[in-house]
$ cat query.cif   # mmCIF, C-alpha atoms and all ligand atoms
data_query
#
loop_
_atom_site.group_PDB
_atom_site.id
_atom_site.type_symbol
_atom_site.label_atom_id
_atom_site.label_comp_id
_atom_site.auth_asym_id
_atom_site.auth_seq_id
_atom_site.Cartn_x
_atom_site.Cartn_y
_atom_site.Cartn_z
ATOM 1 C CA MET A 14 6.255 -5.948 -12.620
ATOM 2 C CA THR A 15 4.161 -5.260 -9.568
ATOM 3 C CA MET A 16 1.292 -2.844 -9.188
ATOM 4 C CA LEU A 17 0.282 -1.522 -5.811
ATOM 5 C CA LEU A 18 -3.333 -1.392 -4.723
ATOM 6 C CA LEU A 19 -3.942 1.884 -2.925
ATOM 7 C CA ASP A 20 -6.853 2.615 -0.641
ATOM 8 C CA GLY A 21 -9.249 4.683 -2.735
ATOM 9 C CA GLY A 22 -11.747 5.310 0.051
ATOM 10 C CA PRO A 23 -15.485 4.584 0.110
ATOM 11 C CA VAL A 24 -17.179 3.358 -3.041
ATOM 12 C CA ALA A 25 -20.642 1.999 -3.932
ATOM 13 C CA PRO A 26 -21.274 -1.586 -2.720
ATOM 14 C CA ASP A 27 -21.866 -2.800 -6.289
ATOM 15 C CA ALA A 28 -19.207 -0.716 -8.032
ATOM 16 C CA PRO A 29 -17.598 -2.622 -10.942
ATOM 17 C CA VAL A 30 -14.113 -1.762 -9.715
ATOM 18 C CA THR A 31 -11.408 -3.471 -7.714
ATOM 19 C CA ARG A 32 -12.602 -3.113 -4.124
ATOM 20 C CA THR A 33 -12.809 -4.712 -0.699
ATOM 21 C CA GLY A 34 -16.276 -5.162 0.783
ATOM 22 C CA GLY A 35 -19.654 -4.587 -0.811
ATOM 23 C CA VAL A 36 -21.538 -7.222 -2.742
ATOM 24 C CA PRO A 37 -20.090 -9.810 -5.123
ATOM 25 C CA LEU A 38 -20.746 -9.432 -8.844
ATOM 26 C CA ALA A 39 -21.094 -12.646 -10.831
ATOM 27 C CA PRO A 40 -22.903 -14.057 -13.869
ATOM 28 C CA ALA A 41 -26.700 -14.199 -13.516
ATOM 29 C CA GLY A 42 -27.857 -17.279 -11.654
ATOM 30 C CA THR A 43 -24.735 -17.565 -9.493
ATOM 31 C CA ALA A 44 -25.667 -18.815 -6.022
ATOM 32 C CA TRP A 45 -24.107 -17.320 -2.909
ATOM 33 C CA PRO A 46 -21.273 -19.732 -1.977
ATOM 34 C CA ALA A 47 -21.168 -21.745 1.239
ATOM 35 C CA CYS A 48 -18.334 -22.823 3.529
ATOM 36 C CA ALA A 49 -17.273 -26.415 2.903
ATOM 37 C CA ALA A 50 -16.463 -26.872 6.590
ATOM 38 C CA CYS A 51 -19.554 -25.467 8.374
ATOM 39 C CA ALA A 52 -22.010 -25.151 5.441
ATOM 40 C CA GLY A 53 -22.841 -21.565 6.411
ATOM 41 C CA PRO A 54 -22.713 -18.778 3.828
ATOM 42 C CA LEU A 55 -19.256 -17.382 3.127
ATOM 43 C CA GLN A 56 -18.418 -13.727 3.667
ATOM 44 C CA PHE A 57 -17.580 -11.709 0.556
ATOM 45 C CA LEU A 58 -14.167 -10.076 0.948
ATOM 46 C CA ALA A 59 -13.074 -8.484 -2.278
ATOM 47 C CA GLN A 60 -13.196 -8.419 -6.035
ATOM 48 C CA ILE A 61 -10.159 -7.795 -8.202
ATOM 49 C CA LEU A 62 -10.468 -6.755 -11.834
ATOM 50 C CA LEU A 63 -7.752 -8.728 -13.549
ATOM 51 C CA GLY A 64 -7.523 -6.099 -16.265
ATOM 52 C CA ASP A 65 -5.677 -4.086 -13.590
ATOM 53 C CA LEU A 66 -2.873 -6.669 -13.581
ATOM 54 C CA PRO A 67 0.393 -5.466 -15.065
ATOM 55 C CA GLY A 68 1.171 -7.067 -18.397
ATOM 56 C CA THR A 69 -2.380 -8.262 -19.004
ATOM 57 C CA THR A 70 -3.109 -8.375 -22.717
ATOM 58 C CA ALA A 71 -6.284 -10.460 -22.809
ATOM 59 C CA PRO A 72 -9.266 -8.380 -23.957
ATOM 60 C CA SER A 73 -11.501 -9.677 -21.157
ATOM 61 C CA PRO A 74 -9.264 -11.001 -18.400
ATOM 62 C CA GLY A 75 -12.074 -11.470 -15.923
ATOM 63 C CA VAL A 76 -12.725 -10.784 -12.277
ATOM 64 C CA LEU A 77 -11.438 -12.512 -9.176
ATOM 65 C CA ALA A 78 -14.020 -12.784 -6.367
ATOM 66 C CA LEU A 79 -12.759 -13.679 -2.884
ATOM 67 C CA PHE A 80 -14.821 -15.115 -0.024
ATOM 68 C CA MET A 81 -14.038 -16.442 3.451
ATOM 69 C CA CYS A 82 -16.045 -18.021 6.263
ATOM 70 C CA ALA A 83 -16.966 -15.661 9.114
ATOM 71 C CA ASN A 84 -19.400 -18.019 10.840
ATOM 72 C CA ARG A 85 -16.827 -19.697 13.070
ATOM 73 C CA PRO A 86 -13.670 -17.544 13.133
ATOM 74 C CA GLY A 87 -10.584 -19.725 13.246
ATOM 75 C CA GLN A 88 -12.497 -23.008 13.077
ATOM 76 C CA CYS A 89 -13.007 -23.574 9.345
ATOM 77 C CA ALA A 90 -9.354 -23.539 8.227
ATOM 78 C CA GLN A 91 -9.999 -20.120 6.715
ATOM 79 C CA TRP A 92 -6.289 -19.808 5.851
ATOM 80 C CA SER A 93 -6.151 -22.933 3.710
ATOM 81 C CA PRO A 94 -6.199 -22.883 -0.099
ATOM 82 C CA THR A 95 -7.931 -26.270 -0.184
ATOM 83 C CA ALA A 96 -10.079 -26.779 2.954
ATOM 84 C CA GLY A 97 -13.096 -24.831 1.694
ATOM 85 C CA GLY A 98 -13.144 -22.261 4.508
ATOM 86 C CA ASN A 99 -12.512 -19.697 1.818
ATOM 87 C CA LEU A 100 -13.259 -19.473 -1.888
ATOM 88 C CA ALA A 101 -11.720 -17.715 -4.867
ATOM 89 C CA LEU A 102 -13.739 -17.564 -8.074
ATOM 90 C CA LEU A 103 -12.311 -16.608 -11.447
ATOM 91 C CA LEU A 104 -15.264 -15.049 -13.248
ATOM 92 C CA PRO A 105 -15.637 -13.916 -16.857
ATOM 93 C CA ALA A 106 -15.659 -10.165 -17.441
ATOM 94 C CA GLY A 107 -18.872 -8.490 -18.517
ATOM 95 C CA ASP A 108 -22.561 -9.013 -17.703
ATOM 96 C CA LEU A 109 -21.907 -9.450 -14.003
ATOM 97 C CA GLU A 110 -24.699 -8.685 -11.536
ATOM 98 C CA PRO A 111 -24.938 -8.578 -7.746
ATOM 99 C CA VAL A 112 -25.312 -12.073 -6.301
ATOM 100 C CA PRO A 113 -28.538 -12.274 -4.253
ATOM 101 C CA ALA A 114 -27.663 -12.515 -0.562
ATOM 102 C CA PRO A 115 -29.006 -15.444 1.453
ATOM 103 C CA ASP A 116 -31.182 -14.874 4.505
ATOM 104 C CA ALA A 117 -28.445 -14.513 7.107
ATOM 105 C CA ASP A 118 -26.793 -12.025 9.429
ATOM 106 C CA GLN A 119 -25.440 -9.302 7.132
ATOM 107 C CA ASP A 120 -22.307 -9.010 9.261
ATOM 108 C CA LEU A 121 -21.465 -12.589 8.311
ATOM 109 C CA LEU A 122 -21.988 -11.933 4.592
ATOM 110 C CA GLY A 123 -19.959 -8.787 4.109
ATOM 111 C CA LEU A 124 -17.367 -6.438 5.552
ATOM 112 C CA GLY A 125 -18.388 -3.321 7.444
ATOM 113 C CA ALA A 126 -17.137 -0.933 4.769
ATOM 114 C CA VAL A 127 -16.565 -0.791 1.023
ATOM 115 C CA ARG A 128 -13.240 0.590 -0.179
ATOM 116 C CA ALA A 129 -11.974 1.051 -3.694
ATOM 117 C CA ALA A 130 -8.491 -0.343 -4.361
ATOM 118 C CA LEU A 131 -6.728 1.747 -6.977
ATOM 119 C CA PRO A 132 -3.865 0.291 -9.005
ATOM 120 C CA ALA A 133 -0.736 2.430 -8.991
ATOM 121 C CA THR A 134 2.890 1.974 -9.913
ATOM 122 C CA THR A 135 4.382 3.952 -7.040
ATOM 123 C CA ALA A 136 3.548 4.222 -3.363
ATOM 124 C CA PRO A 137 2.097 7.523 -2.209
ATOM 125 C CA ALA A 138 3.776 9.631 0.441
ATOM 126 C CA THR A 139 0.680 9.167 2.590
ATOM 127 C CA GLY A 140 -2.216 6.760 2.497
ATOM 128 C CA THR A 141 -2.695 3.041 2.789
ATOM 129 C CA VAL A 142 -1.468 0.282 0.507
ATOM 130 C CA LEU A 143 -4.168 -2.404 0.460
ATOM 131 C CA GLY A 144 -2.204 -4.926 -1.531
ATOM 132 C CA ARG A 145 -0.223 -5.736 -4.650
ATOM 133 C CA LEU A 146 -0.984 -7.140 -8.081
ATOM 134 C CA GLY A 147 1.362 -9.367 -10.024
ATOM 135 C CA GLY A 148 5.050 -9.814 -9.399
ATOM 136 C CA THR A 149 5.996 -12.386 -6.791
ATOM 137 C CA PRO A 150 4.341 -13.084 -3.433
ATOM 138 C CA ARG A 151 6.092 -11.790 -0.341
ATOM 139 C CA TRP A 152 5.514 -14.859 1.817
ATOM 140 C CA LEU A 153 5.347 -14.274 5.572
ATOM 141 C CA GLN A 154 6.136 -17.931 6.211
ATOM 142 C CA TYR A 155 7.189 -20.315 3.436
ATOM 143 C CA ASP A 156 6.394 -20.645 -0.256
ATOM 144 C CA GLU A 157 2.886 -22.056 -0.300
ATOM 145 C CA THR A 158 2.097 -21.749 -4.007
ATOM 146 C CA PRO A 159 -1.083 -23.779 -4.529
ATOM 147 C CA HIS A 160 -1.542 -26.305 -7.302
ATOM 148 C CA CYS A 161 -4.436 -26.021 -9.711
ATOM 149 C CA PRO A 162 -7.211 -28.452 -8.724
ATOM 150 C CA THR A 163 -7.883 -29.118 -12.402
ATOM 151 C CA CYS A 164 -4.453 -29.453 -14.101
ATOM 152 C CA ALA A 165 -2.276 -29.906 -10.957
ATOM 153 C CA ARG A 166 0.263 -27.321 -12.147
ATOM 154 C CA PRO A 167 1.505 -24.563 -9.810
ATOM 155 C CA MET A 168 -0.900 -21.647 -10.040
ATOM 156 C CA ASP A 169 0.081 -18.125 -11.093
ATOM 157 C CA PHE A 170 0.448 -15.543 -8.345
ATOM 158 C CA THR A 171 -2.141 -12.838 -8.938
ATOM 159 C CA ALA A 172 -2.661 -10.630 -5.906
ATOM 160 C CA GLU A 173 -1.580 -10.055 -2.343
ATOM 161 C CA LEU A 174 -3.924 -8.381 0.127
ATOM 162 C CA THR A 175 -3.455 -6.865 3.566
ATOM 163 C CA GLU A 176 -6.309 -6.545 6.003
ATOM 164 C CA GLY A 177 -7.073 -2.878 5.447
ATOM 165 C CA PRO A 178 -6.741 0.271 7.516
ATOM 166 C CA ASP A 179 -9.720 -0.113 9.866
ATOM 167 C CA PRO A 180 -9.771 -3.241 12.061
ATOM 168 C CA VAL A 181 -13.530 -2.905 12.554
ATOM 169 C CA THR A 182 -14.302 -3.197 8.855
ATOM 170 C CA ALA A 183 -11.262 -5.046 7.550
ATOM 171 C CA MET A 184 -10.701 -8.532 6.238
ATOM 172 C CA ASN A 185 -9.339 -10.950 8.863
ATOM 173 C CA PHE A 186 -6.067 -12.598 7.904
ATOM 174 C CA GLY A 187 -4.809 -12.993 11.468
ATOM 175 C CA SER A 188 -2.920 -9.701 11.026
ATOM 176 C CA GLY A 189 -1.117 -11.346 8.097
ATOM 177 C CA ARG A 190 -1.440 -11.266 4.328
ATOM 178 C CA ALA A 191 -3.623 -13.112 1.852
ATOM 179 C CA TYR A 192 -2.398 -14.483 -1.476
ATOM 180 C CA ALA A 193 -4.626 -15.117 -4.483
ATOM 181 C CA HIS A 194 -3.490 -17.374 -7.315
ATOM 182 C CA THR A 195 -5.108 -18.247 -10.625
ATOM 183 C CA CYS A 196 -4.865 -20.807 -13.407
ATOM 184 C CA THR A 197 -6.357 -18.928 -16.325
ATOM 185 C CA PRO A 198 -6.497 -21.854 -18.821
ATOM 186 C CA CYS A 199 -8.510 -23.888 -16.289
ATOM 187 C CA GLY A 200 -10.567 -20.962 -14.988
ATOM 188 C CA ARG A 201 -9.550 -21.745 -11.411
ATOM 189 C CA ALA A 202 -8.427 -19.557 -8.505
ATOM 190 C CA ALA A 203 -7.248 -20.145 -4.943
ATOM 191 C CA LEU A 204 -6.925 -18.011 -1.814
ATOM 192 C CA LEU A 205 -4.737 -18.600 1.229
ATOM 193 C CA TRP A 206 -3.270 -16.473 3.956
ATOM 194 C CA GLN A 207 -0.314 -16.478 6.301
ATOM 195 C CA CYS A 208 0.421 -14.617 9.494
HETATM 196 ZN ZN ZN B 301 -17.233 -22.181 7.971
HETATM 197 ZN ZN ZN B 302 -5.022 -25.483 -14.220
#
$ encode --input "query.cif" --output "structure tokens" --more "lines below"
Ligand SMILES: [Zn+2]
Ligand SMILES: [Zn+2]
Amino acid sequence: MTMLLLDGGPVAPDAPVTRTGGVPLAPAGTAWPACAACAGPLQFLAQILLGDLPGTTAPSPGVLALFMCANRPGQCAQWSPTAGGNLALLLPAGDLEPVPAPDADQDLLGLGAVRAALPATTAPATGTVLGRLGGTPRWLQYDETPHCPTCARPMDFTAELTEGPDPVTAMNFGSGRAYAHTCTPCGRAALLWQC
């Protein structure tokens, strides 16, 4: 089963909901992540509450936090699930706090707007679909299912994201789609995009 993520409009930057933009929430002491290619701070893209996933039965399924490098657009293999130009963290649910931002240009650390992404089972007559949860990925190119860096098994498809309705404040996937995968037993996640 697939759930749609509908654009829920502006929301607080630290809202504990599925959203794009704002500030990342993580366990206390979590350091702001850096790009493996250029060493600059990554830009926070989105957080996805995995309790929103269809069929989820775990009592505390956790939170997926997605980052990507905005320091050198197109030069840090931002699309790759393994190059380190992006980062997906599978975080435990509960007791999450805003991650302190490093001393850097705020435009490089976050998107220009914060939008709630509301899970829904049917598409609205009007409005924007920001992405999908669960089901199967709708690849724009070829099947690029990543393998878990810990157990080497194919990871589970978790979420698909589009850039968002406003190009000025949206995520940059080269006008394509991003795909987030997780390996829950290993606590790992991966992000990639295609266009
Ligand atoms: Zn970079
Ligand atoms: Zn694994």
$ residues_near_ligand --input "query.cif" --ligand "ligand ZN 301 (chain B)" --cutoff "10 Å" --atoms "all atoms listed in the file" --output "PyMOL selection string"
chain A and resi 47-56+81-91+96-99
$ write_last_selection --input "query.cif" --atoms "C-alpha atoms" --output "short mmCIF file (atom, residue, chain, number, x, y, z; two decimals), in the frame of the given file"
data_model
loop_
_atom_site.label_atom_id
_atom_site.label_comp_id
_atom_site.auth_asym_id
_atom_site.auth_seq_id
_atom_site.Cartn_x
_atom_site.Cartn_y
_atom_site.Cartn_z
CA ALA A 47 -21.17 -21.74 1.24
CA CYS A 48 -18.33 -22.82 3.53
CA ALA A 49 -17.27 -26.42 2.90
CA ALA A 50 -16.46 -26.87 6.59
CA CYS A 51 -19.55 -25.47 8.37
CA ALA A 52 -22.01 -25.15 5.44
CA GLY A 53 -22.84 -21.56 6.41
CA PRO A 54 -22.71 -18.78 3.83
CA LEU A 55 -19.26 -17.38 3.13
CA GLN A 56 -18.42 -13.73 3.67
CA MET A 81 -14.04 -16.44 3.45
CA CYS A 82 -16.05 -18.02 6.26
CA ALA A 83 -16.97 -15.66 9.11
CA ASN A 84 -19.40 -18.02 10.84
CA ARG A 85 -16.83 -19.70 13.07
CA PRO A 86 -13.67 -17.54 13.13
CA GLY A 87 -10.58 -19.73 13.25
CA GLN A 88 -12.50 -23.01 13.08
CA CYS A 89 -13.01 -23.57 9.35
CA ALA A 90 -9.35 -23.54 8.23
CA GLN A 91 -10.00 -20.12 6.72
CA ALA A 96 -10.08 -26.78 2.95
CA GLY A 97 -13.10 -24.83 1.69
CA GLY A 98 -13.14 -22.26 4.51
CA ASN A 99 -12.51 -19.70 1.82
#
$ residues_near_ligand --input "query.cif" --ligand "ligand ZN 302 (chain B)" --cutoff "9 Å" --atoms "all atoms listed in the file" --output "PyMOL selection string"
chain A and resi 160-168+195-202
$ atom_distance --input "query.cif" --atom1 "atom CA of A:Phe186" --atom2 "atom CA of A:Gly125"
15.4 Å
$ residues_around --input "query.cif" --residues "A:Val127" --least-positions-apart "6" --cutoff "9 Å" --atoms "only C-alpha atoms" --output "PyMOL selection string"
chain A and resi 22-26+32-36+182
$ atom_distance --input "query.cif" --atom1 "atom CA of A:Gln207" --atom2 "atom CA of A:Ala133"
24.3 Å
$ atom_distance --input "query.cif" --atom1 "atom CA of A:Trp206" --atom2 "atom CA of A:Thr135"
24.4 Å
$ decode --input "query.cif" --residues "stretch 190-202 of chain A" --atoms "all heavy atoms" --output "CSV table (one decimal), in the first residue's frame"
chain,number,residue,atom,x,y,z
A,190,ARG,N,13.2,13.0,-9.0
A,190,ARG,CA,12.6,12.5,-7.7
A,190,ARG,C,13.7,11.9,-6.9
A,190,ARG,O,14.7,11.3,-7.4
A,190,ARG,CB,11.6,11.4,-8.0
A,190,ARG,CG,10.4,11.8,-8.7
A,190,ARG,CD,9.5,10.5,-8.9
A,190,ARG,NE,8.5,10.8,-9.9
A,190,ARG,CZ,8.0,10.0,-10.8
A,190,ARG,NH1,8.5,8.7,-10.9
A,190,ARG,NH2,7.1,10.3,-11.7
A,191,ALA,N,13.5,12.0,-5.5
A,191,ALA,CA,14.4,11.4,-4.6
A,191,ALA,C,13.8,10.1,-4.0
A,191,ALA,O,12.5,10.0,-3.9
A,191,ALA,CB,14.8,12.3,-3.5
A,192,TYR,N,14.6,9.1,-3.6
A,192,TYR,CA,14.2,7.9,-3.1
A,192,TYR,C,14.9,7.6,-1.8
A,192,TYR,O,16.1,7.6,-1.8
A,192,TYR,CB,14.4,6.7,-4.1
A,192,TYR,CG,13.9,7.1,-5.5
A,192,TYR,CD1,14.7,7.8,-6.4
A,192,TYR,CD2,12.6,6.7,-5.9
A,192,TYR,CE1,14.2,8.1,-7.7
A,192,TYR,CE2,12.1,7.0,-7.2
A,192,TYR,CZ,12.9,7.7,-8.1
A,192,TYR,OH,12.4,8.0,-9.3
A,193,ALA,N,14.2,7.4,-0.8
A,193,ALA,CA,14.8,7.0,0.5
A,193,ALA,C,14.5,5.6,0.8
A,193,ALA,O,13.4,5.1,0.7
A,193,ALA,CB,14.2,7.9,1.6
A,194,HIS,N,15.6,4.9,1.2
A,194,HIS,CA,15.5,3.5,1.6
A,194,HIS,C,16.0,3.3,3.0
A,194,HIS,O,16.8,4.1,3.5
A,194,HIS,CB,16.3,2.6,0.7
A,194,HIS,CG,15.7,2.5,-0.7
A,194,HIS,ND1,15.7,3.5,-1.6
A,194,HIS,CD2,15.1,1.4,-1.3
A,194,HIS,CE1,15.1,3.1,-2.7
A,194,HIS,NE2,14.8,1.8,-2.6
A,195,THR,N,15.5,2.2,3.7
A,195,THR,CA,16.0,2.0,5.1
A,195,THR,C,16.2,0.5,5.2
A,195,THR,O,15.7,-0.4,4.5
A,195,THR,CB,14.9,2.4,6.1
A,195,THR,OG1,13.7,1.8,5.8
A,195,THR,CG2,14.7,3.9,6.2
A,196,CYS,N,17.1,0.2,6.2
A,196,CYS,CA,17.3,-1.2,6.7
A,196,CYS,C,17.1,-1.1,8.2
A,196,CYS,O,18.0,-0.7,8.9
A,196,CYS,CB,18.7,-1.8,6.4
A,196,CYS,SG,18.9,-3.5,6.9
A,197,THR,N,15.8,-1.4,8.6
A,197,THR,CA,15.5,-1.2,10.0
A,197,THR,C,16.3,-2.0,11.0
A,197,THR,O,16.8,-1.5,12.0
A,197,THR,CB,14.0,-1.4,10.2
A,197,THR,OG1,13.2,-0.6,9.3
A,197,THR,CG2,13.5,-1.1,11.6
A,198,PRO,N,16.6,-3.3,10.7
A,198,PRO,CA,17.4,-4.1,11.7
A,198,PRO,C,18.7,-3.5,11.9
A,198,PRO,O,19.3,-3.6,13.0
A,198,PRO,CB,17.4,-5.5,11.0
A,198,PRO,CG,16.3,-5.5,10.1
A,198,PRO,CD,16.1,-4.1,9.6
A,199,CYS,N,19.3,-2.9,10.9
A,199,CYS,CA,20.7,-2.3,11.0
A,199,CYS,C,20.6,-0.8,11.4
A,199,CYS,O,21.7,-0.3,11.6
A,199,CYS,CB,21.4,-2.5,9.7
A,199,CYS,SG,21.7,-4.2,9.2
A,200,GLY,N,19.5,-0.2,11.4
A,200,GLY,CA,19.4,1.2,11.7
A,200,GLY,C,20.0,2.1,10.6
A,200,GLY,O,20.5,3.2,10.9
A,201,ARG,N,20.0,1.6,9.4
A,201,ARG,CA,20.6,2.4,8.3
A,201,ARG,C,19.6,3.0,7.3
A,201,ARG,O,18.5,2.4,7.2
A,201,ARG,CB,21.6,1.5,7.5
A,201,ARG,CG,22.7,0.9,8.4
A,201,ARG,CD,23.6,1.9,9.1
A,201,ARG,NE,24.4,2.7,8.2
A,201,ARG,CZ,25.7,2.4,8.0
A,201,ARG,NH1,26.3,1.4,8.5
A,201,ARG,NH2,26.4,3.2,7.2
A,202,ALA,N,20.0,4.0,6.6
A,202,ALA,CA,19.1,4.6,5.6
A,202,ALA,C,20.0,5.1,4.5
A,202,ALA,O,21.2,5.4,4.7
A,202,ALA,CB,18.3,5.7,6.2
